[in-house]
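Source file: protein_1.pdb (PDB, C-alpha atoms)
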```
ATOM      1  CA  MET S   1      12.976  59.127  -9.945
ATOM      2  CA  SER S   2      15.584  56.700  -8.608
ATOM      3  CA  GLU S   3      13.103  55.399  -6.034
ATOM      4  CA  LEU S   4      10.451  54.973  -8.756
ATOM      5  CA  SER S   5      12.969  53.063 -10.866
ATOM      6  CA  ASN S   6      13.757  50.815  -7.922
ATOM      7  CA  LEU S   7      10.078  50.071  -7.401
ATOM      8  CA  LEU S   8       9.538  49.224 -11.082
ATOM      9  CA  SER S   9      12.604  47.011 -11.003
ATOM     10  CA  LEU S  10      11.184  45.209  -7.983
ATOM     11  CA  VAL S  11       7.903  44.626  -9.822
ATOM     12  CA  GLU S  12       9.747  43.224 -12.842
ATOM     13  CA  ARG S  13      11.594  40.776 -10.621
ATOM     14  CA  LEU S  14       8.294  39.734  -9.057
ATOM     15  CA  GLU S  15       6.852  39.065 -12.498
ATOM     16  CA  ALA S  16       9.908  37.011 -13.479
ATOM     17  CA  THR S  17       9.497  34.930 -10.313
ATOM     18  CA  ALA S  18       5.860  34.249 -11.239
ATOM     19  CA  VAL S  19       6.917  33.064 -14.687
ATOM     20  CA  ARG S  20       9.458  30.698 -13.135
ATOM     21  CA  LEU S  21       6.789  29.306 -10.813
ATOM     22  CA  GLU S  22       4.488  28.701 -13.743
ATOM     23  CA  SER S  23       7.284  26.949 -15.618
ATOM     24  CA  SER S  24       8.085  24.853 -12.571
ATOM     25  CA  TYR S  25       4.460  23.825 -12.207
ATOM     26  CA  GLY S  26       4.505  22.689 -15.787
ATOM     27  CA  THR S  27       7.054  20.038 -14.795
ATOM     28  CA  ASN S  28       4.257  18.293 -12.946
ATOM     29  CA  SER S  29       3.578  16.585 -16.247
ATOM     30  CA  GLY S  30       6.175  14.131 -14.965
ATOM     31  CA  ALA S  31       3.898  13.297 -12.034
ATOM     32  CA  ALA S  32       0.986  12.902 -14.420
ATOM     33  CA  SER S  33       3.123  10.566 -16.519
ATOM     34  CA  LYS S  34       3.861   8.517 -13.404
ATOM     35  CA  GLU S  35       0.140   8.249 -12.663
ATOM     36  CA  SER S  36      -0.494   7.176 -16.232
ATOM     37  CA  SER S  37       2.164   4.456 -16.077
ATOM     38  CA  CYS S  38       0.644   3.204 -12.819
ATOM     39  CA  MET S  39      -2.766   2.690 -14.424
ATOM     40  CA  ILE S  40      -1.344   1.318 -17.679
ATOM     41  CA  ALA S  41       0.597  -1.308 -15.727
ATOM     42  CA  TYR S  42      -2.533  -2.353 -13.834
ATOM     43  CA  GLU S  43      -4.548  -2.517 -17.055
ATOM     44  CA  GLU S  44      -1.904  -4.859 -18.482
ATOM     45  CA  ILE S  45      -2.611  -7.258 -15.620
ATOM     46  CA  LEU S  46      -6.325  -7.223 -16.444
ATOM     47  CA  THR S  47      -5.865  -7.800 -20.163
ATOM     48  CA  GLY S  48      -3.017 -10.286 -19.687
ATOM     49  CA  ALA S  49      -2.790 -12.543 -16.642
ATOM     50  CA  LEU S  50      -6.412 -12.049 -15.539
ATOM     51  CA  ASN S  51      -7.819 -12.859 -18.982
ATOM     52  CA  ARG S  52      -5.699 -16.004 -19.202
ATOM     53  CA  PHE S  53      -6.998 -17.123 -15.811
ATOM     54  CA  LEU S  54     -10.619 -16.471 -16.860
ATOM     55  CA  THR S  55     -10.153 -18.435 -20.087
ATOM     56  CA  ASN S  56      -8.584 -21.391 -18.273
ATOM     57  CA  SER S  57     -11.337 -21.356 -15.631
ATOM     58  CA  LYS S  58     -14.027 -21.843 -18.295
ATOM     59  CA  GLN S  59     -12.318 -25.043 -19.349
ATOM     60  CA  ILE S  60     -12.419 -26.587 -15.857
ATOM     61  CA  SER S  61     -16.040 -26.430 -14.659
ATOM     62  CA  PRO S  62     -18.996 -24.034 -14.231
ATOM     63  CA  ILE S  63     -18.351 -23.569 -10.505
ATOM     64  CA  VAL S  64     -14.672 -22.734 -11.072
ATOM     65  CA  SER S  65     -15.680 -20.329 -13.834
ATOM     66  CA  GLU S  66     -18.283 -18.729 -11.566
ATOM     67  CA  GLN S  67     -15.674 -18.108  -8.900
ATOM     68  CA  SER S  68     -13.283 -16.644 -11.470
ATOM     69  CA  LEU S  69     -15.886 -14.041 -12.467
ATOM     70  CA  GLU S  70     -15.933 -12.806  -8.872
ATOM     71  CA  VAL S  71     -12.142 -12.537  -9.069
ATOM     72  CA  GLN S  72     -12.594 -10.388 -12.161
ATOM     73  CA  LYS S  73     -15.042  -8.140 -10.303
ATOM     74  CA  ALA S  74     -12.547  -7.734  -7.460
ATOM     75  CA  PHE S  75      -9.741  -6.684  -9.807
ATOM     76  CA  GLU S  76     -12.002  -4.260 -11.692
ATOM     77  CA  ALA S  77     -13.194  -2.709  -8.421
ATOM     78  CA  GLN S  78      -9.602  -2.360  -7.261
ATOM     79  CA  LYS S  79      -8.761  -0.561 -10.492
ATOM     80  CA  ALA S  80     -11.355   2.096  -9.614
ATOM     81  CA  LEU S  81      -9.921   2.367  -6.094
ATOM     82  CA  ILE S  82      -6.354   2.861  -7.351
ATOM     83  CA  LEU S  83      -7.521   5.505  -9.819
ATOM     84  CA  PHE S  84      -9.330   7.331  -7.013
ATOM     85  CA  ALA S  85      -6.156   7.281  -4.891
ATOM     86  CA  ILE S  86      -3.728   8.606  -7.500
ATOM     87  CA  GLU S  87      -6.117  11.422  -8.404
ATOM     88  CA  ASN S  88      -6.731  12.585  -4.825
ATOM     89  CA  LYS S  89      -4.826  13.563  -1.710
ATOM     90  CA  LYS S  90      -4.675  10.820   0.910
ATOM     91  CA  VAL S  91      -7.793  10.349   3.034
ATOM     92  CA  PRO S  92      -8.192   8.115   6.113
ATOM     93  CA  LEU S  93      -8.749   4.489   5.133
ATOM     94  CA  THR S  94     -11.756   4.439   7.455
ATOM     95  CA  SER S  95     -13.389   7.442   5.789
ATOM     96  CA  ALA S  96     -16.680   7.049   3.923
ATOM     97  CA  GLU S  97     -15.010   8.423   0.801
ATOM     98  CA  PHE S  98     -12.436   5.622   0.767
ATOM     99  CA  GLN S  99     -14.845   2.921   1.888
ATOM    100  CA  GLN S 100     -17.177   3.519  -1.051
ATOM    101  CA  TYR S 101     -14.345   2.345  -3.325
ATOM    102  CA  LEU S 102     -13.186  -0.417  -1.001
ATOM    103  CA  ASP S 103     -16.629  -1.993  -0.426
ATOM    104  CA  PRO S 104     -17.015  -3.410  -3.975
ATOM    105  CA  VAL S 105     -13.612  -5.087  -3.598
ATOM    106  CA  LYS S 106     -14.599  -6.591  -0.238
ATOM    107  CA  LYS S 107     -17.934  -7.867  -1.545
ATOM    108  CA  ALA S 108     -16.266  -9.585  -4.488
ATOM    109  CA  LEU S 109     -13.701 -11.211  -2.168
ATOM    110  CA  GLU S 110     -16.489 -12.467   0.067
ATOM    111  CA  LYS S 111     -18.211 -14.028  -2.950
ATOM    112  CA  VAL S 112     -14.979 -15.779  -3.923
ATOM    113  CA  CYS S 113     -14.700 -17.327  -0.461
ATOM    114  CA  GLU S 114     -18.383 -18.267  -0.409
ATOM    115  CA  CYS S 115     -17.858 -20.322  -3.561
ATOM    116  CA  ARG S 116     -15.452 -22.540  -1.663
ATOM    117  CA  GLU S 117     -17.513 -22.789   1.524
ATOM    118  CA  GLU S 118     -20.665 -23.714  -0.400
ATOM    119  CA  ASN S 119     -18.872 -26.441  -2.377
ATOM    120  CA  ARG S 120     -16.740 -28.239   0.196
ATOM    121  CA  GLY S 121     -17.862 -31.605  -1.163
ATOM    122  CA  SER S 122     -16.945 -30.732  -4.721
ATOM    123  CA  LYS S 123     -14.135 -32.528  -6.552
ATOM    124  CA  TYR S 124     -12.927 -29.033  -7.415
ATOM    125  CA  PHE S 125     -12.452 -28.063  -3.776
ATOM    126  CA  ASN S 126      -8.671 -27.683  -4.209
ATOM    127  CA  HIS S 127      -9.281 -25.393  -7.198
ATOM    128  CA  LEU S 128     -11.688 -23.252  -5.198
ATOM    129  CA  SER S 129      -9.265 -23.194  -2.258
ATOM    130  CA  THR S 130      -6.375 -22.126  -4.498
ATOM    131  CA  VAL S 131      -8.309 -18.968  -5.333
ATOM    132  CA  SER S 132      -9.923 -18.268  -1.967
ATOM    133  CA  GLU S 133      -6.581 -18.572  -0.145
ATOM    134  CA  GLY S 134      -4.841 -16.172  -2.517
ATOM    135  CA  ILE S 135      -7.495 -13.579  -3.275
ATOM    136  CA  PRO S 136      -7.215 -11.831   0.157
ATOM    137  CA  GLY S 137      -3.935 -10.541  -1.260
ATOM    138  CA  LEU S 138      -5.981  -7.768  -2.852
ATOM    139  CA  GLY S 139      -6.131  -6.360   0.657
ATOM    140  CA  TRP S 140      -2.643  -4.937   0.019
ATOM    141  CA  VAL S 141      -4.323  -1.527  -0.429
ATOM    142  CA  LEU S 142      -4.850  -1.454   3.355
ATOM    143  CA  ILE S 143      -1.251  -2.354   4.232
ATOM    144  CA  GLU S 144       1.152   0.493   4.885
ATOM    145  CA  HIS S 145       4.927   0.136   4.584
ATOM    146  CA  THR S 146       4.956  -3.514   3.379
ATOM    147  CA  PRO S 147       2.101  -4.187   0.905
ATOM    148  CA  ALA S 148       4.211  -6.333  -1.447
ATOM    149  CA  PRO S 149       5.400  -8.791   1.257
ATOM    150  CA  PHE S 150       1.799  -9.077   2.476
ATOM    151  CA  LEU S 151       0.659  -9.984  -1.033
ATOM    152  CA  GLU S 152       3.489 -12.478  -1.417
ATOM    153  CA  GLY S 153       2.321 -14.228   1.755
ATOM    154  CA  MET S 154      -1.137 -14.685   0.265
ATOM    155  CA  LYS S 155       0.412 -16.045  -2.937
ATOM    156  CA  ASP S 156       2.307 -18.648  -0.910
ATOM    157  CA  SER S 157      -0.940 -19.746   0.759
ATOM    158  CA  SER S 158      -2.537 -20.134  -2.668
ATOM    159  CA  GLN S 159       0.471 -22.058  -3.980
ATOM    160  CA  PHE S 160      -0.129 -24.777  -1.374
ATOM    161  CA  TYR S 161      -3.479 -25.721  -2.945
ATOM    162  CA  ALA S 162      -2.281 -25.015  -6.481
ATOM    163  CA  ASN S 163       0.414 -27.652  -5.965
ATOM    164  CA  ARG S 164      -2.270 -30.139  -4.985
ATOM    165  CA  VAL S 165      -4.166 -29.432  -8.184
ATOM    166  CA  ILE S 166      -0.976 -29.881 -10.210
ATOM    167  CA  ARG S 167      -0.016 -33.163  -8.509
ATOM    168  CA  GLU S 168      -3.488 -34.649  -8.950
ATOM    169  CA  ASN S 169      -3.817 -33.754 -12.644
ATOM    170  CA  LYS S 170      -0.342 -33.489 -14.208
ATOM    171  CA  GLU S 171      -0.565 -36.995 -15.685
ATOM    172  CA  SER S 172      -4.246 -36.940 -16.681
ATOM    173  CA  ASP S 173      -5.342 -33.446 -17.722
ATOM    174  CA  ARG S 174      -2.859 -30.640 -18.351
ATOM    175  CA  SER S 175      -5.642 -28.052 -18.481
ATOM    176  CA  HIS S 176      -5.828 -28.176 -14.666
ATOM    177  CA  VAL S 177      -2.081 -27.595 -14.464
ATOM    178  CA  ASP S 178      -2.387 -24.610 -16.797
ATOM    179  CA  TRP S 179      -5.277 -23.296 -14.711
ATOM    180  CA  ALA S 180      -3.342 -23.549 -11.410
ATOM    181  CA  ASN S 181      -0.287 -21.890 -12.900
ATOM    182  CA  SER S 182      -2.381 -19.087 -14.409
ATOM    183  CA  PHE S 183      -3.810 -18.065 -11.027
ATOM    184  CA  VAL S 184      -0.411 -18.111  -9.333
ATOM    185  CA  GLU S 185       0.908 -16.084 -12.274
ATOM    186  CA  LEU S 186      -1.905 -13.560 -11.754
ATOM    187  CA  LEU S 187      -0.872 -13.049  -8.131
ATOM    188  CA  SER S 188       2.789 -12.860  -9.150
ATOM    189  CA  GLU S 189       2.020 -10.137 -11.702
ATOM    190  CA  LEU S 190       0.060  -8.190  -9.077
ATOM    191  CA  HIS S 191       2.940  -8.590  -6.618
ATOM    192  CA  ARG S 192       5.428  -7.145  -9.130
ATOM    193  CA  TYR S 193       3.038  -4.283  -9.857
ATOM    194  CA  VAL S 194       2.602  -3.396  -6.171
ATOM    195  CA  LYS S 195       6.335  -3.650  -5.545
ATOM    196  CA  GLU S 196       7.051  -1.170  -8.356
ATOM    197  CA  HIS S 197       4.183   1.321  -8.111
ATOM    198  CA  HIS S 198       3.014   1.090  -4.465
ATOM    199  CA  THR S 199       6.235   0.200  -2.662
ATOM    200  CA  THR S 200       5.344   1.605   0.769
ATOM    201  CA  GLY S 201       1.557   1.530   0.463
ATOM    202  CA  LEU S 202      -1.234   2.638  -1.838
ATOM    203  CA  ALA S 203       0.052   5.577  -3.910
ATOM    204  CA  TRP S 204      -1.885   8.838  -3.572
ATOM    205  CA  ASP S 205      -1.765  12.105  -5.530
ATOM    206  CA  SER S 206       1.481  13.912  -4.736
ATOM    207  CA  LYS S 207       1.224  16.917  -7.093
ATOM    208  CA  PRO S 208       1.617  20.346  -5.417
ATOM    209  CA  PRO S 209      -1.245  22.830  -5.899
ATOM    210  CA  ALA S 210      -0.975  25.236  -8.816
ATOM    211  CA  PRO S 211       0.471  28.638  -7.829
ATOM    212  CA  ASP S 212      -1.909  31.626  -7.873
ATOM    213  CA  LEU S 213      -0.300  33.703 -10.621
ATOM    214  CA  SER S 214      -3.142  36.224 -10.696
ATOM    215  CA  GLN S 215      -1.847  37.674  -7.417
ATOM    216  CA  ALA S 216       1.487  38.554  -9.051
ATOM    217  CA  SER S 217      -0.242  40.411 -11.900
ATOM    218  CA  THR S 218      -2.479  42.289  -9.467
ATOM    219  CA  THR S 219       0.555  43.300  -7.410
ATOM    220  CA  LYS S 220       2.326  44.619 -10.502
ATOM    221  CA  ARG S 221      -0.646  46.713 -11.591
ATOM    222  CA  SER S 222      -1.165  48.111  -8.087
ATOM    223  CA  ALA S 223       2.492  48.994  -7.691
ATOM    224  CA  CYS S 224       2.654  50.769 -11.036
ATOM    225  CA  THR S 225      -0.514  52.771 -10.313
ATOM    226  CA  SER S 226       0.798  53.753  -6.906
ATOM    227  CA  ALA S 227       4.114  54.848  -8.379
ATOM    228  CA  GLN S 228       2.411  57.134 -10.904
ATOM    229  CA  HIS S 229       0.070  58.879  -8.462
ATOM    230  CA  SER S 230       1.997  59.007  -5.198
ATOM    231  CA  PRO S 231       5.097  60.836  -3.980
ATOM    232  CA  ALA S 232       8.284  58.930  -4.754
ATOM    233  CA  LYS S 233       8.741  57.602  -1.232
ATOM    234  CA  LEU S 234       8.928  53.899  -0.428
ATOM    235  CA  PRO S 235       7.050  52.606   2.635
ATOM    236  CA  LYS S 236       9.133  51.471   5.561
ATOM    237  CA  VAL S 237       9.279  47.708   6.026
ATOM    238  CA  GLU S 238       9.345  46.649   9.674
ATOM    239  CA  ASP S 239      11.794  43.986  10.736
ATOM    240  CA  SER S 240       9.792  40.800  11.325
ATOM    241  CA  ARG S 241      12.655  38.589  12.490
ATOM    242  CA  ALA S 242      11.306  38.540  16.034
ATOM    243  CA  ASP S 243       7.966  37.253  14.727
ATOM    244  CA  ARG S 244       9.666  34.569  12.696
ATOM    245  CA  MET S 245      11.669  33.451  15.704
ATOM    246  CA  ALA S 246       8.677  33.288  18.042
ATOM    247  CA  VAL S 247       8.304  29.909  19.748
ATOM    248  CA  ASP S 248       5.161  28.324  21.101
ATOM    249  CA  PRO S 249       5.715  28.355  24.891
ATOM    250  CA  THR S 250       3.488  25.302  25.375
ATOM    251  CA  PRO S 251       5.679  22.190  25.654
ATOM    252  CA  LYS S 252       4.616  19.235  23.521
ATOM    253  CA  VAL S 253       4.337  15.977  25.435
ATOM    254  CA  GLU S 254       4.786  12.847  23.351
ATOM    255  CA  GLU S 255       1.998  10.326  23.828
ATOM    256  CA  VAL S 256       3.097   7.144  25.593
ATOM    257  CA  LYS S 257       1.486   4.120  23.974
ATOM    258  CA  GLU S 258       0.599   1.004  25.907
ATOM    259  CA  PRO S 259       2.287  -2.340  25.117
ATOM    260  CA  CYS S 260       0.059  -4.692  23.122
ATOM    261  CA  ILE S 261      -0.039  -8.023  21.303
ATOM    262  CA  VAL S 262      -2.985  -8.014  18.914
ATOM    263  CA  LEU S 263      -4.000 -10.222  15.979
ATOM    264  CA  SER S 264      -5.693  -8.077  13.304
ATOM    265  CA  LYS S 265      -6.916 -10.207  10.411
ATOM    266  CA  ASN S 266      -3.741 -12.156   9.567
ATOM    267  CA  LYS S 267      -1.223  -9.769  11.158
ATOM    268  CA  TRP S 268       0.195 -10.012  14.690
ATOM    269  CA  HIS S 269       1.015  -6.554  16.095
ATOM    270  CA  ILE S 270       3.626  -6.657  18.892
ATOM    271  CA  GLU S 271       4.212  -3.084  19.948
ATOM    272  CA  ASN S 272       5.743  -0.857  22.621
ATOM    273  CA  TYR S 273       7.486  -3.465  24.813
ATOM    274  CA  LYS S 274      10.692  -2.930  26.789
ATOM    275  CA  ASP S 275      12.826  -5.516  28.605
ATOM    276  CA  GLU S 276      10.379  -8.366  27.996
ATOM    277  CA  ASN S 277      10.462 -12.026  26.905
ATOM    278  CA  LEU S 278       7.399 -12.591  24.728
ATOM    279  CA  THR S 279       5.891 -15.776  23.244
ATOM    280  CA  ILE S 280       3.432 -15.756  20.337
ATOM    281  CA  ASP S 281       1.175 -18.851  20.085
ATOM    282  CA  ASN S 282      -1.548 -19.977  17.686
ATOM    283  CA  THR S 283      -0.039 -18.492  14.548
ATOM    284  CA  ARG S 284      -0.913 -19.810  11.083
ATOM    285  CA  PHE S 285       1.046 -20.237   7.860
ATOM    286  CA  ASN S 286      -0.406 -17.090   6.271
ATOM    287  CA  HIS S 287       0.123 -14.905   9.352
ATOM    288  CA  ILE S 288       2.541 -11.979   9.495
ATOM    289  CA  VAL S 289       4.450 -10.976  12.640
ATOM    290  CA  TYR S 290       4.973  -7.212  12.933
ATOM    291  CA  ALA S 291       7.086  -5.981  15.861
ATOM    292  CA  ARG S 292       7.278  -2.222  16.383
ATOM    293  CA  ASN S 293       8.907  -0.045  19.016
ATOM    294  CA  CYS S 294      10.269  -2.980  21.041
ATOM    295  CA  HIS S 295      13.530  -2.532  22.940
ATOM    296  CA  ASN S 296      15.685  -5.095  24.762
ATOM    297  CA  CYS S 297      13.146  -7.821  24.016
ATOM    298  CA  THR S 298      13.146 -11.471  22.967
ATOM    299  CA  ILE S 299      10.143 -12.545  20.876
ATOM    300  CA  TYR S 300       9.568 -16.286  20.383
ATOM    301  CA  VAL S 301       7.163 -17.238  17.566
ATOM    302  CA  LYS S 302       6.285 -20.899  18.099
ATOM    303  CA  GLU S 303       4.213 -21.786  15.019
ATOM    304  CA  LYS S 304       4.839 -21.271  11.316
ATOM    305  CA  VAL S 305       4.283 -17.801   9.792
ATOM    306  CA  THR S 306       4.898 -16.417   6.326
ATOM    307  CA  GLU S 307       6.674 -13.179   7.199
ATOM    308  CA  ILE S 308       8.416 -11.249   9.981
ATOM    309  CA  ASN S 309       8.605  -7.431   9.987
ATOM    310  CA  ILE S 310      10.699  -5.439  12.488
ATOM    311  CA  ASP S 311      10.209  -1.663  12.694
ATOM    312  CA  HIS S 312      11.758   0.915  15.070
ATOM    313  CA  CYS S 313      13.203  -1.732  17.390
ATOM    314  CA  SER S 314      16.568  -2.023  19.156
ATOM    315  CA  ASN S 315      18.471  -4.801  20.959
ATOM    316  CA  THR S 316      15.683  -7.211  20.053
ATOM    317  CA  THR S 317      15.826 -10.885  19.037
ATOM    318  CA  VAL S 318      13.071 -12.754  17.201
ATOM    319  CA  ILE S 319      13.235 -16.554  17.406
ATOM    320  CA  HIS S 320      11.200 -18.698  15.013
ATOM    321  CA  ASP S 321      11.134 -22.482  14.564
ATOM    322  CA  PHE S 322      10.584 -22.435  10.807
ATOM    323  CA  PRO S 323      11.853 -20.686   7.663
ATOM    324  CA  VAL S 324       9.762 -17.739   6.411
ATOM    325  CA  SER S 325       9.168 -16.299   2.944
ATOM    326  CA  ALA S 326      10.185 -12.743   3.878
ATOM    327  CA  ILE S 327      12.015 -10.839   6.625
ATOM    328  CA  ASP S 328      11.921  -7.032   6.672
ATOM    329  CA  VAL S 329      13.883  -4.902   9.151
ATOM    330  CA  ALA S 330      13.426  -1.128   8.988
ATOM    331  CA  ASN S 331      14.546   1.804  11.164
ATOM    332  CA  SER S 332      16.065  -0.574  13.724
ATOM    333  CA  THR S 333      19.438  -1.221  15.372
ATOM    334  CA  ARG S 334      21.027  -4.374  16.803
ATOM    335  CA  VAL S 335      18.195  -6.715  15.762
ATOM    336  CA  ARG S 336      18.708 -10.460  15.369
ATOM    337  CA  ILE S 337      16.482 -13.070  13.675
ATOM    338  CA  GLU S 338      17.028 -16.737  14.637
ATOM    339  CA  LEU S 339      15.408 -19.438  12.481
ATOM    340  CA  LEU S 340      15.900 -22.731  14.282
ATOM    341  CA  ASN S 341      14.993 -25.065  11.379
TER     342      ASN S 341
END
```
Represent the supplied structure as structure tokens.
Amino acid sequence: MSELSNLLSLVERLEATAVRLESSYGTNSGAASKESSCMIAYEEILTGALNRFLTNSKQISPIVSEQSLEVQKAFEAQKALILFAIENKKVPLTSAEFQQYLDPVKKALEKVCECREENRGSKYFNHLSTVSEGIPGLGWVLIEHTPAPFLEGMKDSSQFYANRVIRENKESDRSHVDWANSFVELLSELHRYVKEHHTTGLAWDSKPPAPDLSQASTTKRSACTSAQHSPAKLPKVEDSRADRMAVDPTPKVEEVKEPCIVLSKNKWHIENYKDENLTIDNTRFNHIVYARNCHNCTIYVKEKVTEINIDHCSNTTVIHDFPVSAIDVANSTRVRIELLN
């Protein structure tokens, strides 16, 4: 009878553990709340800053208003993409599943840029350029680690043309000034949103799967039935420590990556160099320099860029002739940034 009592006690403890798991899973409501706040914050951008920009665009001209509607489409498409991400586990950004949400954003961005290219002779060219220079910032969803600095770089590019609009119209028509400020404000609101809710990249679903509590109930019923119809003798449990301590005899060889300097869209990737002096030419104001896994190197960036990112580097110096809007150093030791002007 003592062995039967021990078995029933074991089953009761198993049931109590299942209850605790269920209770713990219930705390995932906090994760759901976080998802909800993420979407509410984005919706506030649409109903606030975006609506103000759309209203101001109507007051400027039909072509400016037409371009603004494509901006609206891009933001609405991005809303669907963000919702897809926070409701699903992360998938490759090149996967068909992700691309079906990204494509509507890309098409809207292309339309925005086409509005400028098709109206280069327009007196509203600076207006169209303000938007087309800043709207690529919606590509932050593709940037891992530093999406907010990327977006801020695009905002700075837009500000250049927005300042032109303001200078040309501040004495004659304040509606143009309000329009320019409303688009910069829209990008600023998006930047704050990304910085808070997608700090290191597009946020994906992080909830753990629900525990299978039916297994615990089945185990309890089986144990009780066995105890009632079998001799009161517990089965021997073999020691499995040797199995747990087993090690895969195959050594794992870390892949050695080749050094490279590559411009991808507006981002210079400088990776996997050792004991080198490197010079980066032909950069533009909206370009980002990203150095990764460089050791004992000197990197000279000759032309103006908006941002410098250093990741997993050591004993490395980056020299730049101009001030930049952002410098980010992560997972690195003994790194120096020299801005000569």
ask   = Which residues fall under the PyMOL selection byres ((chain S and resi 166) around 12) in this file, as number ranges by chain?
value = S: 126-127, 130, 159-165, 167-182, 184
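Between Arg336 (chain S) and the residues S:Phe322, S:Tyr300, S:Trp140, S:Phe53, the shortest atom-to-atom distance, using only C-alpha atoms, involves S:Tyr300.
This file gives the following result for the PyMOL selection byres ((chain S and resi 62-64) around 8): Ser57, Lys58, Ile60, Ser61, Ser65, Glu66, Gln67, Ser68, Cys115, Tyr124, His127 and Leu128 of chain S.
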I'd like to see the residues matched by the PyMOL selection byres ((chain S and resi 291) around 6) on this file, and ideally I'd get them as a CSV table (one decimal) with C-alpha atoms, keeping the file's coordinate frame.
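The resulting file, result_31.csv, is reproduced below:
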```csv
chain,number,residue,atom,x,y,z
S,270,ILE,CA,3.6,-6.7,18.9
S,271,GLU,CA,4.2,-3.1,19.9
S,290,TYR,CA,5.0,-7.2,12.9
S,292,ARG,CA,7.3,-2.2,16.4
S,310,ILE,CA,10.7,-5.4,12.5
```
I'd like the neighbourhood of His312 (chain S) as a PDB file with C-alpha atoms, in the frame of the given file, where a residue qualifies if any of its atoms comes within 6 Å (using all atoms listed in the file), though same-chain residues fewer than 6 positions away should be ignored.
```pdb
ATOM      1  CA  ARG S 292       7.278  -2.222  16.383  1.00  0.00           C
ATOM      2  CA  ASN S 293       8.907  -0.045  19.016  1.00  0.00           C
ATOM      3  CA  ASN S 331      14.546   1.804  11.164  1.00  0.00           C
ATOM      4  CA  SER S 332      16.065  -0.574  13.724  1.00  0.00           C
TER       5      SER S 332
END
```
key: Selected residue, from S:Val289, S:Lys302, S:Lys207, S:His320, that lies nearest to Glu87 (chain S) when counting only C-alpha atoms   = S:Lys207
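Interatomic distance, CA of Val324 (chain S) against CA of Asp156 (chain S): 10.5 Å.
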query = So what do you get for CA of Ala326 (chain S) versus CA of Gly153 (chain S), distance-wise?
reply = 8.3 Å
task = Kindly indicate which residue among S:Cys297, S:Ile45, S:Ile327, S:Val141 lies nearest to Cys313 (chain S), using only C-alpha atoms for the distances.
result = S:Cys297
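Counting all atoms listed in the file, the residue from S:Ile308, S:Ile86, S:Ile135, S:Leu190 that sits nearest to Ala148 (chain S) is S:Leu190.
Coordinates place CA of Asn272 (chain S) at a distance of 26.8 Å from CA of Lys90 (chain S).
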query = What would the list of residues within 9 Å of (0.8, -19.9, 9.5) (file frame) look like as JSON, numbers by chain, if all atoms listed in the file are what count?
reply = {"S": [157, 266, 282, 283, 284, 285, 286, 287, 288, 303, 304, 305, 306]}
File dump, residues just selected, C-alpha atoms, as a PDB file, keeping the file's coordinate frame:
```pdb
ATOM      1  CA  SER S 157      -0.940 -19.746   0.759  1.00  0.00           C
ATOM      2  CA  ASN S 266      -3.741 -12.156   9.567  1.00  0.00           C
ATOM      3  CA  ASN S 282      -1.548 -19.977  17.686  1.00  0.00           C
ATOM      4  CA  THR S 283      -0.039 -18.492  14.548  1.00  0.00           C
ATOM      5  CA  ARG S 284      -0.913 -19.810  11.083  1.00  0.00           C
ATOM      6  CA  PHE S 285       1.046 -20.237   7.860  1.00  0.00           C
ATOM      7  CA  ASN S 286      -0.406 -17.090   6.271  1.00  0.00           C
ATOM      8  CA  HIS S 287       0.123 -14.905   9.352  1.00  0.00           C
ATOM      9  CA  ILE S 288       2.541 -11.979   9.495  1.00  0.00           C
ATOM     10  CA  GLU S 303       4.213 -21.786  15.019  1.00  0.00           C
ATOM     11  CA  LYS S 304       4.839 -21.271  11.316  1.00  0.00           C
ATOM     12  CA  VAL S 305       4.283 -17.801   9.792  1.00  0.00           C
ATOM     13  CA  THR S 306       4.898 -16.417   6.326  1.00  0.00           C
TER      14      THR S 306
END
```
Residues around (-5.4, -10.7, -12.2), cut-off 6 Å, counting all atoms listed in the file - what are they as an mmCIF file with C-alpha atoms, in the coordinates of the input?
```cif
data_model
loop_
_atom_site.group_PDB
_atom_site.id
_atom_site.type_symbol
_atom_site.label_atom_id
_atom_site.label_comp_id
_atom_site.auth_asym_id
_atom_site.auth_seq_id
_atom_site.Cartn_x
_atom_site.Cartn_y
_atom_site.Cartn_z
ATOM 1 C CA ILE S 45 -2.611 -7.258 -15.620
ATOM 2 C CA LEU S 46 -6.325 -7.223 -16.444
ATOM 3 C CA ALA S 49 -2.790 -12.543 -16.642
ATOM 4 C CA LEU S 50 -6.412 -12.049 -15.539
ATOM 5 C CA LEU S 186 -1.905 -13.560 -11.754
#
```
